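Enquirer: So here's model23.tsv, just TSV, C-alpha atoms:
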chain	number	residue	atom	x	y	z
A	72	MET	CA	15.82	-20.47	-9.56
A	73	ALA	CA	12.09	-20.88	-10.05
A	74	GLY	CA	8.97	-18.73	-10.07
A	75	GLY	CA	9.30	-15.03	-9.35
A	76	LEU	CA	12.91	-15.40	-8.21
A	77	THR	CA	14.04	-15.56	-11.84
A	78	ARG	CA	12.54	-12.11	-12.39
A	79	LEU	CA	14.71	-10.54	-9.70
A	80	ALA	CA	17.86	-10.81	-11.77
A	81	GLY	CA	19.39	-7.36	-12.07
A	82	ALA	CA	17.28	-5.95	-9.27
A	83	GLY	CA	20.40	-5.54	-7.15
A	84	ALA	CA	21.13	-2.44	-9.22
A	85	VAL	CA	18.30	-0.49	-7.60
A	86	GLU	CA	19.55	3.08	-7.23
A	87	GLY	CA	19.24	5.50	-4.37
A	88	HIS	CA	19.83	3.06	-1.52
A	89	ARG	CA	22.89	3.37	0.65
A	90	THR	CA	23.37	-0.24	1.71
A	91	LEU	CA	23.02	-3.68	0.21
A	92	ALA	CA	20.25	-4.47	2.71
A	93	ASP	CA	18.34	-1.39	1.53
A	94	ARG	CA	18.72	-2.47	-2.07
A	95	ALA	CA	17.60	-6.03	-1.28
A	96	PHE	CA	14.62	-4.73	0.68
A	97	ALA	CA	13.57	-2.40	-2.15
A	98	ALA	CA	13.84	-5.10	-4.82
A	99	LEU	CA	11.96	-7.74	-2.82
A	100	HIS	CA	9.37	-5.26	-1.55
A	101	ASP	CA	8.52	-4.17	-5.09
A	102	ALA	CA	8.38	-7.75	-6.37
A	103	ILE	CA	6.01	-8.81	-3.57
A	104	VAL	CA	3.66	-5.81	-3.78
A	105	THR	CA	3.35	-6.06	-7.56
A	106	GLY	CA	2.87	-9.84	-7.45
A	107	ARG	CA	6.06	-10.82	-9.30
A	108	LEU	CA	6.78	-12.86	-6.18
A	109	ALA	CA	3.55	-14.76	-5.67
A	110	PRO	CA	1.72	-15.30	-2.36
A	111	GLY	CA	3.14	-18.37	-0.67
A	112	GLU	CA	6.31	-18.40	-2.77
A	113	ARG	CA	9.36	-19.59	-0.85
A	114	LEU	CA	12.32	-17.23	-0.49
A	115	PRO	CA	15.52	-19.29	-0.17
A	116	ILE	CA	18.32	-17.00	0.92
A	117	GLU	CA	20.89	-18.64	-1.38
A	118	GLU	CA	18.69	-18.24	-4.47
A	119	LEU	CA	17.82	-14.66	-3.58
A	120	GLY	CA	21.52	-13.94	-3.19
A	121	VAL	CA	22.20	-15.25	-6.70
A	122	ALA	CA	19.27	-13.31	-8.19
A	123	LEU	CA	20.29	-10.06	-6.51
A	124	GLY	CA	24.04	-10.55	-6.69
A	125	MET	CA	24.54	-10.30	-2.92
A	126	SER	CA	25.74	-12.30	0.04
A	127	ALA	CA	23.38	-13.84	2.58
A	128	MET	CA	23.73	-11.14	5.24
A	129	PRO	CA	21.91	-8.26	3.48
A	130	ILE	CA	19.26	-10.72	2.25
A	131	ARG	CA	18.56	-11.85	5.82
A	132	GLU	CA	18.27	-8.25	6.98
A	133	ALA	CA	15.88	-7.43	4.13
A	134	LEU	CA	13.72	-10.46	4.96
A	135	ARG	CA	13.55	-9.41	8.62
A	136	ARG	CA	12.32	-5.97	7.57
A	137	LEU	CA	9.78	-7.48	5.17
A	138	ASP	CA	8.58	-9.76	7.96
A	139	ALA	CA	8.07	-6.72	10.21
A	140	ALA	CA	6.10	-5.07	7.38
A	141	GLY	CA	3.83	-8.12	7.07
A	142	LEU	CA	4.93	-9.00	3.53
A	143	VAL	CA	7.03	-12.06	4.46
A	144	GLU	CA	6.55	-14.73	7.10
A	145	ASN	CA	9.27	-16.95	8.50
A	146	ILE	CA	8.35	-20.61	8.85
A	147	PRO	CA	10.47	-22.49	11.46
A	148	HIS	CA	12.95	-24.83	9.82
A	149	ARG	CA	11.65	-23.91	6.36
A	150	GLY	CA	12.76	-20.31	5.86
A	151	GLY	CA	10.81	-17.34	4.58
A	152	ARG	CA	7.93	-17.16	2.16
A	153	VAL	CA	5.69	-14.44	0.77
A	154	THR	CA	2.67	-13.90	3.01
A	155	GLU	CA	-0.50	-15.51	1.67
A	156	LEU	CA	-3.56	-13.49	0.68
A	157	SER	CA	-6.94	-14.35	2.20
A	158	ILE	CA	-10.28	-12.70	2.85
A	159	PRO	CA	-9.90	-12.92	6.67
A	160	ASP	CA	-6.52	-11.19	6.39
A	161	LEU	CA	-8.00	-8.60	4.01
A	162	ALA	CA	-10.72	-7.86	6.57
A	163	GLU	CA	-8.16	-7.45	9.34
A	164	VAL	CA	-5.98	-5.15	7.24
A	165	TYR	CA	-8.91	-2.90	6.38
A	166	GLU	CA	-10.23	-2.93	9.93
A	167	ALA	CA	-6.90	-1.44	11.00
A	168	ARG	CA	-6.90	1.03	8.11
A	169	LEU	CA	-10.42	2.16	9.03
A	170	ALA	CA	-9.17	2.93	12.52
A	171	LEU	CA	-6.01	4.78	11.50
A	172	GLU	CA	-6.54	6.59	8.20
A	173	PRO	CA	-9.73	8.50	9.11
A	174	LEU	CA	-7.90	9.60	12.26
A	175	ALA	CA	-5.00	10.83	10.14
A	176	VAL	CA	-7.20	12.72	7.70
A	177	ARG	CA	-9.19	14.24	10.58
A	178	ARG	CA	-5.93	15.60	12.00
A	179	ALA	CA	-4.88	16.72	8.53
A	180	ALA	CA	-8.08	18.69	7.96
A	181	LEU	CA	-7.44	20.68	11.13
A	182	ARG	CA	-3.90	21.50	9.96
A	183	PHE	CA	-4.40	21.99	6.24
A	184	GLY	CA	-2.83	25.16	4.88
A	185	GLU	CA	-2.19	26.61	1.43
A	186	ALA	CA	0.94	24.53	0.88
A	187	GLU	CA	-0.81	21.27	1.81
A	188	ALA	CA	-3.81	22.12	-0.35
A	189	ALA	CA	-1.63	22.97	-3.36
A	190	LEU	CA	0.38	19.75	-3.05
A	191	ALA	CA	-2.65	17.47	-2.63
A	192	THR	CA	-4.51	19.22	-5.47
A	193	GLU	CA	-1.51	18.78	-7.77
A	194	ARG	CA	-1.20	15.11	-6.89
A	195	LEU	CA	-4.89	14.44	-7.46
A	196	ALA	CA	-4.69	16.15	-10.85
A	197	THR	CA	-1.73	13.93	-11.75
A	198	LEU	CA	-3.66	10.83	-10.70
A	199	ASP	CA	-6.74	11.82	-12.69
A	200	GLU	CA	-4.66	12.31	-15.85
A	201	LEU	CA	-3.19	8.80	-15.77
A	202	PRO	CA	-4.70	5.67	-17.36
A	203	ASP	CA	-7.11	3.74	-15.17
A	204	ASP	CA	-4.94	0.64	-15.00
A	205	SER	CA	-2.60	-1.30	-12.74
A	206	SER	CA	0.55	0.38	-13.98
A	207	PRO	CA	3.23	1.34	-11.46
A	208	GLU	CA	2.74	5.00	-12.43
A	209	THR	CA	-0.98	4.97	-11.61
A	210	TRP	CA	-0.53	3.21	-8.28
A	211	ALA	CA	2.36	5.51	-7.36
A	212	ALA	CA	0.18	8.55	-8.10
A	213	HIS	CA	-2.68	7.08	-6.07
A	214	THR	CA	-0.33	6.53	-3.13
A	215	ALA	CA	1.17	10.02	-3.51
A	216	PHE	CA	-2.27	11.66	-3.31
A	217	HIS	CA	-3.38	9.80	-0.20
A	218	PHE	CA	-0.08	10.41	1.59
A	219	ALA	CA	-0.23	14.11	0.77
A	220	LEU	CA	-3.26	14.05	3.09
A	221	TYR	CA	-1.73	11.77	5.72
A	222	ASP	CA	1.54	13.73	5.82
A	223	ALA	CA	-0.46	16.84	6.67
A	224	ALA	CA	-1.59	15.12	9.89
A	225	ASP	CA	1.93	15.77	11.19
A	226	SER	CA	2.13	12.46	13.05
A	227	ARG	CA	5.14	10.21	12.51
A	228	TRP	CA	3.51	7.39	14.47
A	229	LEU	CA	0.38	7.37	12.33
A	230	LEU	CA	2.50	7.23	9.18
A	231	ARG	CA	4.58	4.36	10.60
A	232	LEU	CA	1.41	2.39	11.27
A	233	ILE	CA	-0.40	3.28	8.05
A	234	GLU	CA	2.42	2.55	5.60
A	235	PRO	CA	2.69	-1.27	6.02
A	236	LEU	CA	-1.09	-1.62	6.00
A	237	TRP	CA	-1.26	0.45	2.82
A	238	GLU	CA	1.38	-1.73	1.14
A	239	THR	CA	-0.38	-4.95	2.11
A	240	SER	CA	-3.74	-3.69	0.90
A	241	GLN	CA	-2.11	-2.65	-2.37
A	242	ARG	CA	-1.11	-6.29	-2.88
A	243	TYR	CA	-4.79	-7.20	-2.56
A	244	ARG	CA	-5.95	-4.49	-4.94
A	245	LEU	CA	-3.44	-5.53	-7.59
A	246	ALA	CA	-4.11	-9.26	-7.14
A	247	ALA	CA	-7.87	-8.69	-7.40
A	248	ASN	CA	-7.36	-6.40	-10.43
A	249	VAL	CA	-9.60	-3.64	-9.10
A	250	ALA	CA	-7.70	-0.80	-10.75
A	251	PRO	CA	-10.51	-0.21	-13.31
A	252	LYS	CA	-12.67	0.84	-10.34
A	253	LEU	CA	-10.26	3.67	-9.56
A	254	ARG	CA	-11.64	6.16	-12.10
A	255	ALA	CA	-15.10	5.95	-10.56
A	256	ARG	CA	-13.53	6.89	-7.23
A	257	SER	CA	-12.25	10.26	-8.51
A	258	VAL	CA	-15.26	12.08	-7.05
A	259	GLU	CA	-14.63	10.48	-3.67
A	260	HIS	CA	-11.02	11.69	-3.74
A	261	GLU	CA	-12.21	15.19	-4.55
A	262	VAL	CA	-14.72	15.22	-1.68
A	263	ILE	CA	-12.03	14.17	0.81
A	264	LEU	CA	-9.62	16.78	-0.50
A	265	GLN	CA	-12.18	19.61	-0.40
A	266	ALA	CA	-13.19	18.64	3.15
A	267	CYS	CA	-9.54	18.98	4.19
A	268	ILE	CA	-9.21	22.33	2.43
A	269	GLN	CA	-12.35	23.58	4.19
A	270	HIS	CA	-11.13	22.22	7.56
A	271	ASP	CA	-14.21	20.00	7.84
A	272	ALA	CA	-12.55	17.24	9.85
A	273	GLU	CA	-15.68	15.14	10.36
A	274	LEU	CA	-16.61	15.14	6.67
A	275	ALA	CA	-13.04	14.30	5.69
A	276	ALA	CA	-12.90	11.37	8.15
A	277	ARG	CA	-16.35	10.03	7.25
A	278	SER	CA	-15.71	10.33	3.50
A	279	LEU	CA	-12.38	8.55	3.76
A	280	HIS	CA	-13.92	5.83	5.94
A	281	ASN	CA	-16.54	5.14	3.29
A	282	HIS	CA	-13.93	5.36	0.53
A	283	LEU	CA	-11.91	2.61	2.22
A	284	THR	CA	-15.03	0.59	2.99
A	285	ARG	CA	-16.05	0.52	-0.67
A	286	THR	CA	-12.57	-0.54	-1.74
A	287	ALA	CA	-12.44	-3.35	0.83
A	288	ASN	CA	-15.83	-4.63	-0.32
A	289	VAL	CA	-14.89	-4.50	-4.01
A	290	VAL	CA	-11.67	-6.44	-3.36
A	291	SER	CA	-13.45	-9.00	-1.17
A	292	GLN	CA	-16.10	-9.61	-3.82
A	293	ALA	CA	-13.42	-9.91	-6.53
A	294	MET	CA	-11.81	-12.63	-4.38
A	295	GLY	CA	-15.12	-14.50	-4.09
A	296	GLY	CA	-16.07	-13.11	-0.69
A	297	THR	CA	-18.92	-10.97	0.56
A	298	THR	CA	-19.36	-7.43	1.82
A	299	LEU	CA	-16.99	-6.84	4.72
A	300	PHE	CA	-17.99	-3.40	6.04
A	301	GLU	CA	-21.01	-1.11	5.98
A	302	PRO	CA	-20.45	2.56	5.11
A	303	LEU	CA	-21.19	5.28	7.63
A	304	PRO	CA	-24.40	7.29	7.09
A	305	GLU	CA	-23.93	10.42	5.00
A	306	GLY	CA	-24.50	13.79	6.64
Could you write out this file's structure as structure tokens?
Expert:
Amino acid sequence: MAGGLTRLAGAGAVEGHRTLADRAFAALHDAIVTGRLAPGERLPIEELGVALGMSAMPIREALRRLDAAGLVENIPHRGGRVTELSIPDLAEVYEARLALEPLAVRRAALRFGEAEAALATERLATLDELPDDSSPETWAAHTAFHFALYDAADSRWLLRLIEPLWETSQRYRLAANVAPKLRARSVEHEVILQACIQHDAELAARSLHNHLTRTANVVSQAMGGTTLFEPLPEG
């Protein structure tokens, strides 16, 4: 086994998953998002089976699910490989996020109650206490805060659409090493949260739109590209 496949050994012991396909999906998903499986890396089913200690069937199912999530692409007659990263793809991912996530947070602001406010406030406090790095803990806390807002939108379809886009964009953020920019974004997180608490749907949506725009531009520039999106006017 070569490349990131050697670092999957033992990953078949992932806990909390009912089936072998779930375990394979979780192990491969984590390895792709964190970059342990590199963009463009081939994913031979036989080698994955050895690394994860499984037969081919659950591996195939996991690869189909990863393909549907946009993390793996199947090449005819060549098998699967990790989806490549590129600035055009980054732009497309964030274009979709800019359509969906402000909509979700607008809905959330109209539905925000005491329980939602308490949960999102707690998660933002947890995020702000963590190191400003690319550790799994920091990225998990960042995800938990944003999804405390999106969950409050009470829309299963929005969550189903947002989640794979979020995971793909996280690959870009980690690959471009933009985590040190996260601390400077704490004020932006607070503005979005307070807008939701105050039921100011337009401010919440506009602030999140600009929050995502700035992230997309930072990642693009880190990859050698240019500004992708212009922020919306304030006020």
Enquirer: Of the candidates A:Arg113, A:Arg94, A:Arg182, A:Val290, which shows the shortest atom-to-atom distance to Ser226 (chain A), using only C-alpha atoms?
Expert: A:Arg182
Enquirer: Any idea what's packed within 9 Å of Ala162 (chain A), counting only C-alpha atoms, ignoring anything in its chain fewer than 6 positions away? Could you give it as JSON, numbers by chain?
Expert: {"A": [287, 291, 299, 300]}
Enquirer: Residues at most 8 Å from Thr239 (chain A), counting only C-alpha atoms, excluding those fewer than 3 positions away in the same chain, as a VMD selection string?
Expert: chain A and resid 104 141 to 142 164 235 to 236 242 to 243
Enquirer: Could you write out that same residue set with C-alpha atoms as a PDB file, in the coordinates of the input?
Expert:
ATOM      1  CA  VAL A 104       3.660  -5.810  -3.780  1.00  0.00           C
ATOM      2  CA  GLY A 141       3.830  -8.120   7.070  1.00  0.00           C
ATOM      3  CA  LEU A 142       4.930  -9.000   3.530  1.00  0.00           C
ATOM      4  CA  VAL A 164      -5.980  -5.150   7.240  1.00  0.00           C
ATOM      5  CA  PRO A 235       2.690  -1.270   6.020  1.00  0.00           C
ATOM      6  CA  LEU A 236      -1.090  -1.620   6.000  1.00  0.00           C
ATOM      7  CA  ARG A 242      -1.110  -6.290  -2.880  1.00  0.00           C
ATOM      8  CA  TYR A 243      -4.790  -7.200  -2.560  1.00  0.00           C
TER       9      TYR A 243
END
Enquirer: Taking only C-alpha atoms into account, which of A:Ala109, A:Leu91, A:Ala186, A:Leu264 comes nearest Leu245 (chain A)?
Expert: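 With only C-alpha atoms as the atom set, the closest residue is A:Ala109.
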Enquirer: Nearest residue to Ser205 (chain A) out of A:Gly106, A:Ala140, A:Glu234, A:Ile130, using all atoms listed in the file?
Expert: A:Gly106
Enquirer: Output requested as an mmCIF file, in the frame of the given file - region 87-101 of chain A, filled out with N, CA and C atoms.
Expert:
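Saved as part32.cif:
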data_model
loop_
_atom_site.group_PDB
_atom_site.id
_atom_site.type_symbol
_atom_site.label_atom_id
_atom_site.label_comp_id
_atom_site.auth_asym_id
_atom_site.auth_seq_id
_atom_site.Cartn_x
_atom_site.Cartn_y
_atom_site.Cartn_z
ATOM 1 N N GLY A 87 19.747 4.649 -5.423
ATOM 2 C CA GLY A 87 19.240 5.500 -4.370
ATOM 3 C C GLY A 87 19.206 4.861 -2.999
ATOM 4 N N HIS A 88 19.813 3.729 -2.817
ATOM 5 C CA HIS A 88 19.830 3.060 -1.520
ATOM 6 C C HIS A 88 21.267 2.914 -1.062
ATOM 7 N N ARG A 89 21.521 3.257 0.167
ATOM 8 C CA ARG A 89 22.890 3.370 0.650
ATOM 9 C C ARG A 89 23.534 2.024 0.928
ATOM 10 N N THR A 90 22.777 1.028 1.318
ATOM 11 C CA THR A 90 23.370 -0.240 1.710
ATOM 12 C C THR A 90 22.802 -1.386 0.875
ATOM 13 N N LEU A 91 23.509 -2.495 0.906
ATOM 14 C CA LEU A 91 23.020 -3.680 0.210
ATOM 15 C C LEU A 91 21.691 -4.143 0.777
ATOM 16 N N ALA A 92 21.516 -4.061 2.103
ATOM 17 C CA ALA A 92 20.250 -4.470 2.710
ATOM 18 C C ALA A 92 19.109 -3.588 2.219
ATOM 19 N N ASP A 93 19.366 -2.294 2.065
ATOM 20 C CA ASP A 93 18.340 -1.390 1.530
ATOM 21 C C ASP A 93 17.969 -1.784 0.114
ATOM 22 N N ARG A 94 18.981 -2.089 -0.689
ATOM 23 C CA ARG A 94 18.720 -2.470 -2.070
ATOM 24 C C ARG A 94 17.938 -3.777 -2.147
ATOM 25 N N ALA A 95 18.318 -4.755 -1.303
ATOM 26 C CA ALA A 95 17.600 -6.030 -1.280
ATOM 27 C C ALA A 95 16.153 -5.821 -0.841
ATOM 28 N N PHE A 96 15.970 -5.013 0.192
ATOM 29 C CA PHE A 96 14.620 -4.730 0.680
ATOM 30 C C PHE A 96 13.782 -4.097 -0.422
ATOM 31 N N ALA A 97 14.326 -3.094 -1.114
ATOM 32 C CA ALA A 97 13.570 -2.400 -2.150
ATOM 33 C C ALA A 97 13.172 -3.336 -3.285
ATOM 34 N N ALA A 98 14.121 -4.187 -3.716
ATOM 35 C CA ALA A 98 13.840 -5.100 -4.820
ATOM 36 C C ALA A 98 12.780 -6.131 -4.445
ATOM 37 N N LEU A 99 12.915 -6.717 -3.255
ATOM 38 C CA LEU A 99 11.960 -7.740 -2.820
ATOM 39 C C LEU A 99 10.604 -7.120 -2.502
ATOM 40 N N HIS A 100 10.614 -5.958 -1.880
ATOM 41 C CA HIS A 100 9.370 -5.260 -1.550
ATOM 42 C C HIS A 100 8.563 -5.009 -2.821
ATOM 43 N N ASP A 101 9.216 -4.481 -3.848
ATOM 44 C CA ASP A 101 8.520 -4.170 -5.090
ATOM 45 C C ASP A 101 7.995 -5.443 -5.756
#
